[in-house]
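S.K.: Please find one structure pasted underneath; my questions will follow.
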Amino acid sequence: MSIDNFPQIDKKQQDRWEKANLFASPKMPNGKKFYCLDMFPYPSGAGLHVGHPEGYTASDILVRFKLMNGYDVLHPMGWDAFGLPAENYAIATGIHPRETTQKNIANFKRQIKSIGLAYDWAREIDTTDPHYYKWTQWIFLQLFKKGLAYESTVPINWCPSCKTGLANEEVFNGKCERCGHEIERKALRQWILRITAYAERLLEDLPTLDWPESTLTMQKNWIGKSQGASVTFNIDGTNETITVFTTRPDTLFGATYMVVSPEHPVLKTITTPQQKDAVEKYQADSAKKSDFERADLNKQKTGVFTGAYAVNPVNGKKIPVWTSDYVLMGYGTGAIMAVPAHDERDYAFAKKFGLDIIEVIKSEQGVEKEAFTGDGELVNSGFLNGLRVKESKAAMIKWLEEHHCGNAKTTYKLRDWVFARQRYWGEPIPIVHCPKCGVVPLPEDQLPLRLPEVEKFAPSGTGESPLATVDSWVNTTCPHCGGPAKRETNTMPQWAGSCWYYLRYMDPHNENALVDPAIEKAYGPVDCYIGGAEHAVLHLLYARFWHKVLFDLGVVSHKEPFQKLRHQGMILAYSYRDKMGNYHAYSEIDFKDGKAFLKTTGEELSPLIEKMSKSKKNVINPDEILSQYGADAFRMYEMFMGPFEASKPWDMKGIEGISRFLRRVAQWGEKVQLKDEADERKLEILKNKTIVKINEDIENFRFNTAISGLMVLFNEAGKLTQVSKNTFETFLKLLHPFAPHLTEEIWQLRGYEGFLVKSAWPQANAALMQDDTLELGVQINGKVRDRIQVPAKATREETEKLALASAKVQRNLEGFEIKKIIVIPGRMVSIVAAPKK
Ligand code: ANZ
Ligand code: ZN
Ligand code: ZN
């Protein structure tokens with residue numbers, strides 16, 4: 001076999017690893033465990049994108065590094081396989097989503113395996129496998145029993161094109177995340193998960209996590225904790241009251257009007273007959289708008305006076321009550337006290353409708369031009385005058401509590417999670433509706449509740465899932481009273497299966513429990529989780545929520561599922577357009593001197609860095625790269641492109657460079673002469689420094705600089721025609737996590753037994769790392785036997801030790817015993833020895 005036929009080496013070594021079952025994790029790890037988790041992919045029909053292996057290669061480097069450092073490693077892979085694409089394909093073609101999914105999984109698996117990633121395939125899971133979703137359904141039952149899953153008819157985001165309800169998180173700028181269609185509001189019976197019950201704990205534990213700062217901030221903002229007060233206002237001349245939530249109780253003296261949301265029930269009773277028509281028309285208009293549109297800060301404010309007046313509890317002033325859609329029903333109490341002097345939205349509204357503006361916090365610029373939202377001294381505020389904002393808040397809350405018209409209050413932006421889809425290809429919700437008993441959970445021994453076969457996969461569009469058409473499945477008996485009953489026909493959203501999969505990997509074949517508690521205790525939590533930043537909010541929040549529920553149930557023993565988290569950056573690509581704006585594929589282009597010319601006409605094309613997409617003809621197919629350059633070049637290039645978290649473009653020149661490097665390593669590895677010892681003083685320092693650098697770089701996800709470090713080391717070692725075995729082994733071991741196939745091939749070729757991943761990671765010798773070294777002669781009985789490198793700052797003892805560590809000195813001392821060692825700093829070491837008796 002030629003050593004530079006990389007694809008052939010890949011295959012050979014992958015087969016050897018598989019035969020040796022090299023990456024199987026123990027059922028129970030020893031004390032030194034490392035659980036490395038990749039975000040599992042949705043097996044799409046398009047196959048692997050080069051973005052997938054970016055994260056997978058990083059985790060593989062980490063895993064091989066940990067294995068070589070003696071850890072028991074858990075490194076699994078599986079499939080997040082429910083979801084809309086397979087279902088939409090089924091609707092279009094009639095091919096069952098199961099079939100499409102299985103085919104796509106097989107292709108993904110083949111591709112992932114061809115990269116040589118160290119997965120324990122015996123632990124593979126598939127969220128659409130009834131053995132798996134049995135436990136997803138089991139968790140739903142536990143949520144239901146704890147009152148954390150409830151039914152409610154609520155207006156939900158409805159995509160008229162996908163004909164399904166969507167979670168808030170799947171709506172972007174008022175449009176469907178999947179198809180881009182404008183979202184409507186539609187009242188539907190839904191299953192809802194009470195994630196808000198965990199808001200505080202989801203927030204509280206964030207500081208314990210080693211996660212990217214931006215992701216922690218996004219989670220925090222999504223939970224959106226606000227501390228302030230609720231204040232109750234009487235409505236003049238009625239028995240009605242309106243309670244508001246405010247973060248600024250200190251500004252109560254500056255409240256000059258109130259606003260209630262157009263959906264607020266109080267409008268019915270407080271609106272005066274004169275204002276009734278105007279208010280009702282306004283309500284009808286705003287029902288057509290999305291929350292997103294309504295909350296838009298830049299939008300012109302609209303609103304209508306209700307005719308009613310509220311009484312400001314702190315000073316008895318009557319202030320008008322308006323309705324406007326900038327106040328949302330779903331937040332706080334759906335009503336606000338407006339303080340135009342110190343709130344931007346209120347300011348814009350007051351200016352537009354000519355309402356009073358009273359300054360209560362002294363600002364230098366005055367409030368003629370805009371609201372002042374900073375800190376300052378309270379004015380026009382009775383007992384608060386002279387205090388600062390923070391003290392005034394506390395003082396006002398105390399006053400409100402004493403006068404029974406308000407109290408301290410905390411709210412969250414987080415909403416409960418709409419957990420139902422009117423779709424076929426999802427986990428059936430294990431609930432039965434009985435005319436006598438109501439909502440009845442399926443007994444656990446009836447799980448899994450399997451998806452029935454259906455004839456048509458298309459959603460009915462009435463808001464019911466295609467499951468509703470399968471009478472034989474829908475009609476069942478009530479587990480409680482035995483009478484006729486109907487099954488729930490909504491299915492779970494795609495998030496469900498990915499909320500807990502990391503637990504199943506620990507114990508994937510357990511028929512009696514989701515995970516054995518002892519195994520969970522030993523393998524959990526995930527030590528390092530790697531995946532895209534697009535999951536920074538939803539997936540991670542949902543998984544943390546389920547994990548905390550399972551923690552409360554005693555199913556898991558750790559408070560948080562993912563201790564460390566890292567996101568890979570997006571891989572972009574160069575796309576090329578001609579003057580007409582048409583895109584051209586790489587195969588149509590001649591690349592010359594860093595420029596691109598269209599083969600047919602010679603026209604120079606302009607490059608653009610863009611997201612990879614078929615329409616831009618810039619998609620890089622991993623299969624092609626692998627068959628041309630081999631897996632090691634592919635892996636190393638992906639790691640070498642730039643900082644792991646950064647977005648960066650794929651560049652063919654880059655992979656060529658890596659490929660040349662690997663070819664040089666191959667030739668050297670094949671031919672270099674190995675010595676038991678060699679004169680490598682210069683190399684010794686570099687070698688030890690490189691070990692330390694690679695250790696730090698791997699732990700800190702600086703794979704690109706780690707590779708540079710390996711190249712620097714090879715620039716020195718690679719020009720030698722003979723090296724010490726230690727240097728040779730060290731270099732191969734350091735390179736192994738990055739280029740496992742070639743290093744393994746060389747290892748085997750040079751007669752080493754076993755596998756590199758089972759060998760011990762090189763240890764750095766700290767004494768041999770300083771640049772400032774001196775060369776000292778070592779004499780034995782007056783004769784110079786060796787010259788050694790010693791750190792300039794070395795102590796007498798260290799110098800002595802280094803002298804005695806020299807192989808030549810040791811050889812010359814054989815049969816002698818040391819009588820005395822004299823160190824003359826900076827000059828020499830002199831050993832006095834006498835023959836052993
Ligand atoms: C009076 C006030 C004075 C306010 C002031 C702000 C500044 P966060 O921080 O996002 O929680 N608000 C309360 N409920 C609302 C709703 N349903 N729709 C729209 N706005 C609402 O925001 C809390 C503040 O947003 C509250 O404090 C309230 O306005 C407004 F100088 O009350 B504030
Ligand atoms: Zn849609
Ligand atoms: Zn019943």
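Just so we're on the same page: first chain in the structure tokens is A, next is B, and so on; residues restart at 1 for each chain, and ligands are numbered from 1 in the order they show up.
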Name the residues in contact with Thr306 of chain A at a cut-off of 6 Å, using only C-alpha atoms, excluding same-chain residues fewer than 3 positions from it; report them as a list in words.

M.R.: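 Neighbouring residues, sequence-local ones excluded: Thr271, Gln275, Val321 and Trp322 of chain A.
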
S.K.: Let me have all residues with an atom within 12 Å of ligand 3, counting only C-alpha atoms and all ligand atoms, laid out as a compact mmCIF listing (two decimals) with N, CA and C atoms, in the first residue's frame.

M.R.:
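Resulting contents of part.txt:
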# COMPACT_ATOMS: atom_id res chain seq x y z
N ILE A 431 -52.43 10.32 25.68
CA ILE A 431 -53.58 10.82 26.45
C ILE A 431 -54.85 10.30 25.77
N VAL A 432 -55.85 9.99 26.61
CA VAL A 432 -57.14 9.55 26.10
C VAL A 432 -58.20 10.52 26.60
N HIS A 433 -59.15 10.86 25.71
CA HIS A 433 -60.25 11.74 26.13
C HIS A 433 -61.49 10.90 26.32
N CYS A 434 -62.01 10.89 27.55
CA CYS A 434 -63.18 10.07 27.87
C CYS A 434 -64.35 10.99 28.17
N PRO A 435 -65.51 10.70 27.58
CA PRO A 435 -66.66 11.58 27.84
C PRO A 435 -67.03 11.61 29.33
N LYS A 436 -66.71 10.52 30.04
CA LYS A 436 -67.06 10.48 31.48
C LYS A 436 -65.93 11.01 32.35
N CYS A 437 -64.73 10.55 32.09
CA CYS A 437 -63.61 10.85 33.01
C CYS A 437 -62.77 12.06 32.58
N GLY A 438 -63.02 12.54 31.37
CA GLY A 438 -62.22 13.68 30.92
C GLY A 438 -60.88 13.24 30.36
N VAL A 439 -59.86 14.00 30.70
CA VAL A 439 -58.52 13.72 30.17
C VAL A 439 -57.85 12.64 31.03
N VAL A 440 -57.52 11.51 30.40
CA VAL A 440 -56.94 10.39 31.16
C VAL A 440 -55.58 10.03 30.56
N PRO A 441 -54.55 10.01 31.41
CA PRO A 441 -53.23 9.61 30.90
C PRO A 441 -53.20 8.12 30.61
N LEU A 442 -52.50 7.74 29.59
CA LEU A 442 -52.33 6.33 29.27
C LEU A 442 -51.48 5.69 30.37
N THR A 476 -60.88 4.19 21.17
CA THR A 476 -60.22 3.29 22.11
C THR A 476 -61.10 3.18 23.35
N THR A 477 -60.58 2.48 24.36
CA THR A 477 -61.35 2.42 25.61
C THR A 477 -60.63 3.25 26.65
N CYS A 478 -61.43 3.78 27.56
CA CYS A 478 -60.86 4.63 28.60
C CYS A 478 -60.10 3.77 29.60
N PRO A 479 -58.85 4.07 29.87
CA PRO A 479 -58.06 3.27 30.81
C PRO A 479 -58.63 3.36 32.22
N HIS A 480 -59.47 4.35 32.46
CA HIS A 480 -59.99 4.58 33.80
C HIS A 480 -61.30 3.84 34.01
N CYS A 481 -62.32 4.07 33.12
CA CYS A 481 -63.64 3.47 33.34
C CYS A 481 -63.95 2.36 32.33
N GLY A 482 -63.11 2.17 31.34
CA GLY A 482 -63.34 1.10 30.37
C GLY A 482 -64.36 1.43 29.30
N GLY A 483 -64.96 2.60 29.38
CA GLY A 483 -65.95 3.01 28.37
C GLY A 483 -65.28 3.48 27.09
N PRO A 484 -66.10 3.73 26.05
CA PRO A 484 -65.52 4.21 24.80
C PRO A 484 -64.90 5.60 24.98
N ALA A 485 -63.78 5.79 24.35
CA ALA A 485 -63.06 7.06 24.47
C ALA A 485 -62.25 7.29 23.22
N LYS A 486 -61.67 8.49 23.12
CA LYS A 486 -60.88 8.82 21.93
C LYS A 486 -59.46 9.22 22.31
N ARG A 487 -58.54 8.85 21.40
CA ARG A 487 -57.15 9.22 21.66
C ARG A 487 -56.89 10.67 21.27

S.K.: Give one line per residue of chain A that approaches ligand 2 to at most 12 Å, naming the two atoms of the closest pair and their distance in Å to one decimal, counting only C-alpha atoms and all ligand atoms; sort by chain then ascending residue number and deliver it as JSON lines.

M.R.:
{"residue": "A:Leu84", "atom": "CA", "partner": "ligand 2", "partner_atom_place_in_ligand_line": "1 (Zn)", "distance": 10.1}
{"residue": "A:Pro85", "atom": "CA", "partner": "ligand 2", "partner_atom_place_in_ligand_line": "1 (Zn)", "distance": 11.6}
{"residue": "A:Asn88", "atom": "CA", "partner": "ligand 2", "partner_atom_place_in_ligand_line": "1 (Zn)", "distance": 11.1}
{"residue": "A:Asn157", "atom": "CA", "partner": "ligand 2", "partner_atom_place_in_ligand_line": "1 (Zn)", "distance": 10.2}
{"residue": "A:Trp158", "atom": "CA", "partner": "ligand 2", "partner_atom_place_in_ligand_line": "1 (Zn)", "distance": 8.3}
{"residue": "A:Cys159", "atom": "CA", "partner": "ligand 2", "partner_atom_place_in_ligand_line": "1 (Zn)", "distance": 4.8}
{"residue": "A:Pro160", "atom": "CA", "partner": "ligand 2", "partner_atom_place_in_ligand_line": "1 (Zn)", "distance": 6.8}
{"residue": "A:Ser161", "atom": "CA", "partner": "ligand 2", "partner_atom_place_in_ligand_line": "1 (Zn)", "distance": 5.0}
{"residue": "A:Cys162", "atom": "CA", "partner": "ligand 2", "partner_atom_place_in_ligand_line": "1 (Zn)", "distance": 4.2}
{"residue": "A:Lys163", "atom": "CA", "partner": "ligand 2", "partner_atom_place_in_ligand_line": "1 (Zn)", "distance": 7.2}
{"residue": "A:Thr164", "atom": "CA", "partner": "ligand 2", "partner_atom_place_in_ligand_line": "1 (Zn)", "distance": 7.6}
{"residue": "A:Gly165", "atom": "CA", "partner": "ligand 2", "partner_atom_place_in_ligand_line": "1 (Zn)", "distance": 9.1}
{"residue": "A:Leu166", "atom": "CA", "partner": "ligand 2", "partner_atom_place_in_ligand_line": "1 (Zn)", "distance": 8.5}
{"residue": "A:Ala167", "atom": "CA", "partner": "ligand 2", "partner_atom_place_in_ligand_line": "1 (Zn)", "distance": 11.7}
{"residue": "A:Glu170", "atom": "CA", "partner": "ligand 2", "partner_atom_place_in_ligand_line": "1 (Zn)", "distance": 9.4}
{"residue": "A:Val171", "atom": "CA", "partner": "ligand 2", "partner_atom_place_in_ligand_line": "1 (Zn)", "distance": 9.2}
{"residue": "A:Phe172", "atom": "CA", "partner": "ligand 2", "partner_atom_place_in_ligand_line": "1 (Zn)", "distance": 11.0}
{"residue": "A:Gly174", "atom": "CA", "partner": "ligand 2", "partner_atom_place_in_ligand_line": "1 (Zn)", "distance": 11.1}
{"residue": "A:Lys175", "atom": "CA", "partner": "ligand 2", "partner_atom_place_in_ligand_line": "1 (Zn)", "distance": 7.8}
{"residue": "A:Cys176", "atom": "CA", "partner": "ligand 2", "partner_atom_place_in_ligand_line": "1 (Zn)", "distance": 4.6}
{"residue": "A:Glu177", "atom": "CA", "partner": "ligand 2", "partner_atom_place_in_ligand_line": "1 (Zn)", "distance": 6.7}
{"residue": "A:Arg178", "atom": "CA", "partner": "ligand 2", "partner_atom_place_in_ligand_line": "1 (Zn)", "distance": 5.2}
{"residue": "A:Cys179", "atom": "CA", "partner": "ligand 2", "partner_atom_place_in_ligand_line": "1 (Zn)", "distance": 4.1}
{"residue": "A:Gly180", "atom": "CA", "partner": "ligand 2", "partner_atom_place_in_ligand_line": "1 (Zn)", "distance": 6.0}
{"residue": "A:His181", "atom": "CA", "partner": "ligand 2", "partner_atom_place_in_ligand_line": "1 (Zn)", "distance": 5.4}
{"residue": "A:Glu182", "atom": "CA", "partner": "ligand 2", "partner_atom_place_in_ligand_line": "1 (Zn)", "distance": 8.0}
{"residue": "A:Ile183", "atom": "CA", "partner": "ligand 2", "partner_atom_place_in_ligand_line": "1 (Zn)", "distance": 7.9}
{"residue": "A:Glu184", "atom": "CA", "partner": "ligand 2", "partner_atom_place_in_ligand_line": "1 (Zn)", "distance": 10.6}

S.K.: Work out how far atom CA of Tyr309 of chain A is from atom CA of Ala229 of chain A, in Å to one decimal.

M.R.: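 Result for atom CA of Ala229 of chain A versus atom CA of Tyr309 of chain A: 21.3 Å, one decimal.
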
S.K.: Could you give me, as a list in words, the residues within 9 Å of Ile821 of chain A, counting only C-alpha atoms and dropping anything in the same chain fewer than 2 positions from it?

M.R.: Glu800, Ile818, Lys819, Val823, Val829, Ser830, Ile831, Val832 and Ala833 of chain A

S.K.: Would you list the residues that come within 6 Å of ligand 1? Count only C-alpha atoms and all ligand atoms and give the answer as an MDAnalysis selection string.

M.R.: chainID A and resid 226 245:248 251 326:329 331:339 342:343

S.K.: I'd like to know which residues of segment 610-730 of chain A are strand (DSSP E or B) (by DSSP, run on the backbone); could you write them as a list in words?

M.R.: Glu610, Lys611, Lys648, Pro649, Trp650, Gln673, Leu674, Lys675, Gln722, Val723 and Ser724 of chain A

S.K.: Please write the residues from the selection above to a file, keeping N, CA and C atoms, as a PDB file, in the first residue's frame.

M.R.:
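Just written: selection12.pdb:
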ATOM      1  N   GLU A 610     -20.617  33.752   0.921  1.00  0.00           N
ATOM      2  CA  GLU A 610     -22.031  33.627   1.268  1.00  0.00           C
ATOM      3  C   GLU A 610     -22.287  32.296   1.954  1.00  0.00           C
ATOM      4  N   LYS A 611     -23.492  32.171   2.492  1.00  0.00           N
ATOM      5  CA  LYS A 611     -23.926  30.894   3.047  1.00  0.00           C
ATOM      6  C   LYS A 611     -23.932  29.867   1.921  1.00  0.00           C
ATOM      7  N   LYS A 648     -16.493  31.295   8.773  1.00  0.00           N
ATOM      8  CA  LYS A 648     -15.339  31.381   7.864  1.00  0.00           C
ATOM      9  C   LYS A 648     -15.643  30.644   6.576  1.00  0.00           C
ATOM     10  N   PRO A 649     -15.060  31.126   5.483  1.00  0.00           N
ATOM     11  CA  PRO A 649     -15.375  30.510   4.201  1.00  0.00           C
ATOM     12  C   PRO A 649     -14.474  29.304   3.897  1.00  0.00           C
ATOM     13  N   TRP A 650     -15.054  28.304   3.274  1.00  0.00           N
ATOM     14  CA  TRP A 650     -14.304  27.170   2.760  1.00  0.00           C
ATOM     15  C   TRP A 650     -13.470  27.669   1.581  1.00  0.00           C
ATOM     16  N   GLN A 673      14.928   7.604  10.069  1.00  0.00           N
ATOM     17  CA  GLN A 673      15.550   6.551  10.886  1.00  0.00           C
ATOM     18  C   GLN A 673      15.296   6.804  12.354  1.00  0.00           C
ATOM     19  N   LEU A 674      14.982   5.747  13.055  1.00  0.00           N
ATOM     20  CA  LEU A 674      14.673   5.879  14.478  1.00  0.00           C
ATOM     21  C   LEU A 674      15.852   5.414  15.311  1.00  0.00           C
ATOM     22  N   LYS A 675      16.243   6.263  16.250  1.00  0.00           N
ATOM     23  CA  LYS A 675      17.373   5.961  17.123  1.00  0.00           C
ATOM     24  C   LYS A 675      16.853   5.842  18.545  1.00  0.00           C
ATOM     25  N   GLN A 722      17.240  11.378  10.867  1.00  0.00           N
ATOM     26  CA  GLN A 722      17.122  10.435  11.974  1.00  0.00           C
ATOM     27  C   GLN A 722      16.731  11.173  13.236  1.00  0.00           C
ATOM     28  N   VAL A 723      15.811  10.556  13.968  1.00  0.00           N
ATOM     29  CA  VAL A 723      15.340  11.166  15.221  1.00  0.00           C
ATOM     30  C   VAL A 723      15.255  10.093  16.293  1.00  0.00           C
ATOM     31  N   SER A 724      15.135  10.571  17.521  1.00  0.00           N
ATOM     32  CA  SER A 724      14.963   9.607  18.612  1.00  0.00           C
ATOM     33  C   SER A 724      13.558   9.031  18.527  1.00  0.00           C
TER      34      SER A 724
END

S.K.: Can you pull out the residues contacting segment 778-795 of chain A? Cut-off 9 Å, using only C-alpha atoms, and skip same-chain residues under 4 positions away; I want them as a tab-separated table (two decimals) with C-alpha atoms, in the first residue's frame.

M.R.:
chain	number	residue	atom	x	y	z
A	681	ARG	CA	18.91	19.58	22.16
A	682	LYS	CA	17.20	22.30	20.12
A	767	ALA	CA	12.66	21.72	32.90
A	768	LEU	CA	13.21	21.40	29.17
A	769	MET	CA	10.99	24.22	28.06
A	770	GLN	CA	12.76	27.45	28.76
A	771	ASP	CA	14.24	29.26	25.83
A	772	ASP	CA	16.98	30.79	27.92
A	773	THR	CA	19.17	27.78	28.19
A	774	LEU	CA	22.85	27.41	28.68
A	799	THR	CA	21.29	21.26	37.10
A	800	GLU	CA	22.56	18.20	38.91
A	802	LEU	CA	19.72	17.21	34.31
A	803	ALA	CA	23.36	16.19	34.23
A	806	SER	CA	21.98	12.46	30.29
A	807	ALA	CA	22.16	9.06	28.67
A	808	LYS	CA	25.85	9.49	27.90
A	809	VAL	CA	26.65	10.40	31.48
A	812	ASN	CA	29.87	6.44	31.59
A	813	LEU	CA	28.84	5.98	35.18
A	825	PRO	CA	27.01	27.79	37.70
A	826	GLY	CA	27.00	28.73	34.04
A	828	MET	CA	30.14	23.07	34.08
A	829	VAL	CA	29.10	20.12	36.15
A	830	SER	CA	31.89	18.02	37.51
A	831	ILE	CA	31.24	14.53	38.81
A	832	VAL	CA	33.71	12.66	40.93
A	833	ALA	CA	33.12	8.93	40.81
A	834	ALA	CA	34.89	5.81	41.95

S.K.: Let me make sure I understand: among A:Arg423, A:Arg811, A:Arg123, A:Lys103, which one has the smallest atom-to-atom distance to Phe82 of chain A if we use only C-alpha atoms?

M.R.: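 Among the listed residues, A:Arg423 lies closest to Phe82 of chain A.
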
S.K.: When distances are computed from only C-alpha atoms, which of A:Asp527, A:Asp296, A:Glu444, A:Glu359 shows the smallest separation from Ser381 of chain A?

M.R.: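 Smallest separation from Ser381 of chain A among the options: A:Glu359.
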
S.K.: Find the spatial neighbours of Gly406 of chain A, counting only C-alpha atoms, within a cut-off of 6 Å - ignore same-chain residues fewer than 5 positions away - and output them as a list in words.

M.R.: Ser230, Val231, Thr232, Leu400 and Glu401 of chain A

S.K.: Just all heavy atoms for this one: save the residues we selected as a PDB file, in the first residue's frame.

M.R.:
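File selection.pdb, as written:
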ATOM      1  N   SER A 230     -46.532  45.566  41.537  1.00  0.00           N
ATOM      2  CA  SER A 230     -47.848  45.705  40.948  1.00  0.00           C
ATOM      3  C   SER A 230     -48.571  46.802  41.720  1.00  0.00           C
ATOM      4  O   SER A 230     -48.390  46.947  42.931  1.00  0.00           O
ATOM      5  CB  SER A 230     -48.614  44.382  40.981  1.00  0.00           C
ATOM      6  OG  SER A 230     -48.929  44.042  42.289  1.00  0.00           O
ATOM      7  N   VAL A 231     -49.306  47.619  40.963  1.00  0.00           N
ATOM      8  CA  VAL A 231     -50.010  48.755  41.573  1.00  0.00           C
ATOM      9  C   VAL A 231     -51.459  48.702  41.108  1.00  0.00           C
ATOM     10  O   VAL A 231     -51.722  48.496  39.921  1.00  0.00           O
ATOM     11  CB  VAL A 231     -49.401  50.099  41.125  1.00  0.00           C
ATOM     12  CG1 VAL A 231     -50.059  51.261  41.865  1.00  0.00           C
ATOM     13  CG2 VAL A 231     -47.894  50.119  41.317  1.00  0.00           C
ATOM     14  N   THR A 232     -52.381  48.844  42.052  1.00  0.00           N
ATOM     15  CA  THR A 232     -53.794  48.779  41.696  1.00  0.00           C
ATOM     16  C   THR A 232     -54.414  50.176  41.731  1.00  0.00           C
ATOM     17  O   THR A 232     -54.245  50.918  42.702  1.00  0.00           O
ATOM     18  CB  THR A 232     -54.525  47.824  42.656  1.00  0.00           C
ATOM     19  OG1 THR A 232     -53.923  46.540  42.527  1.00  0.00           O
ATOM     20  CG2 THR A 232     -56.008  47.713  42.299  1.00  0.00           C
ATOM     21  N   LEU A 400     -46.815  51.428  49.072  1.00  0.00           N
ATOM     22  CA  LEU A 400     -47.925  50.708  48.416  1.00  0.00           C
ATOM     23  C   LEU A 400     -48.407  49.563  49.291  1.00  0.00           C
ATOM     24  O   LEU A 400     -49.620  49.330  49.436  1.00  0.00           O
ATOM     25  CB  LEU A 400     -47.475  50.156  47.055  1.00  0.00           C
ATOM     26  CG  LEU A 400     -47.230  51.183  45.942  1.00  0.00           C
ATOM     27  CD1 LEU A 400     -46.481  50.553  44.772  1.00  0.00           C
ATOM     28  CD2 LEU A 400     -48.563  51.783  45.462  1.00  0.00           C
ATOM     29  N   GLU A 401     -47.454  48.864  49.889  1.00  0.00           N
ATOM     30  CA  GLU A 401     -47.841  47.729  50.725  1.00  0.00           C
ATOM     31  C   GLU A 401     -48.599  48.206  51.973  1.00  0.00           C
ATOM     32  O   GLU A 401     -49.614  47.628  52.349  1.00  0.00           O
ATOM     33  CB  GLU A 401     -46.604  46.893  51.089  1.00  0.00           C
ATOM     34  CG  GLU A 401     -46.172  46.036  49.892  1.00  0.00           C
ATOM     35  CD  GLU A 401     -44.858  45.271  50.057  1.00  0.00           C
ATOM     36  OE1 GLU A 401     -44.142  45.511  51.045  1.00  0.00           O
ATOM     37  OE2 GLU A 401     -44.567  44.441  49.183  1.00  0.00           O
TER      38      GLU A 401
END

S.K.: Got a sec: who's within 8 Å of Tyr35 of chain A, counting only C-alpha atoms, leaving out chain neighbours fewer than 6 positions off, as a PDB file with C-alpha atoms, in the first residue's frame?

M.R.:
ATOM      1  CA  VAL A  73     -15.001   8.404  27.369  1.00  0.00           C
ATOM      2  CA  LEU A  74     -18.624   8.430  26.250  1.00  0.00           C
ATOM      3  CA  HIS A  75     -18.971   9.712  22.697  1.00  0.00           C
ATOM      4  CA  TYR A 523     -21.677   9.354  33.352  1.00  0.00           C
ATOM      5  CA  GLY A 524     -23.596  12.591  33.931  1.00  0.00           C
ATOM      6  CA  PRO A 525     -23.522  15.436  33.368  1.00  0.00           C
ATOM      7  CA  VAL A 526     -22.337  15.973  29.812  1.00  0.00           C
ATOM      8  CA  ASP A 527     -18.815  17.346  30.220  1.00  0.00           C
ATOM      9  CA  CYS A 528     -18.680  19.023  26.859  1.00  0.00           C
TER      10      CYS A 528
END

S.K.: Taking only residues of segment 602-676 of chain A that have an atom at most 10 Å from an atom of segment 556-568 of chain A, what is each one's shortest atom pair and its distance in Å to one decimal, using only C-alpha atoms, in chain and number order, as a tab-separated table?

M.R.:
residue	atom	partner	partner_atom	distance
A:Pro643	CA	A:Gln568	CA	8.9
A:Phe644	CA	A:Gln568	CA	5.5
A:Glu645	CA	A:Gln568	CA	4.6
A:Ala646	CA	A:Gln568	CA	7.1
A:Ser647	CA	A:Gln568	CA	8.2

S.K.: Take the residues that were just selected and, keeping N, CA and C atoms, output them as a compact mmCIF listing (two decimals), in the first residue's frame.

M.R.:
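Listed below is the output, out_38.txt:
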# COMPACT_ATOMS: atom_id res chain seq x y z
N PRO A 643 -10.65 30.44 13.83
CA PRO A 643 -11.12 30.14 15.17
C PRO A 643 -12.41 29.32 15.11
N PHE A 644 -12.52 28.37 16.03
CA PHE A 644 -13.64 27.43 16.00
C PHE A 644 -15.00 28.13 15.96
N GLU A 645 -15.17 29.18 16.76
CA GLU A 645 -16.49 29.81 16.89
C GLU A 645 -16.78 30.77 15.74
N ALA A 646 -15.76 31.12 14.94
CA ALA A 646 -15.95 32.15 13.92
C ALA A 646 -16.60 31.59 12.66
N SER A 647 -17.37 32.43 11.95
CA SER A 647 -17.83 32.03 10.61
C SER A 647 -16.66 32.22 9.68

S.K.: Which residue, A:Leu117, A:Val279, A:Ile655, A:Met639, has the smallest gap to Val304 of chain A when you use only C-alpha atoms?

M.R.: A:Val279

S.K.: Any idea what's packed within 8 Å of segment 39-43 of chain A, counting only C-alpha atoms, ignoring anything in its chain fewer than 3 positions away? Could you give it as a PyMOL selection string?

M.R.: chain A and resi 47+52+77-82+101+104-105+108+529-532
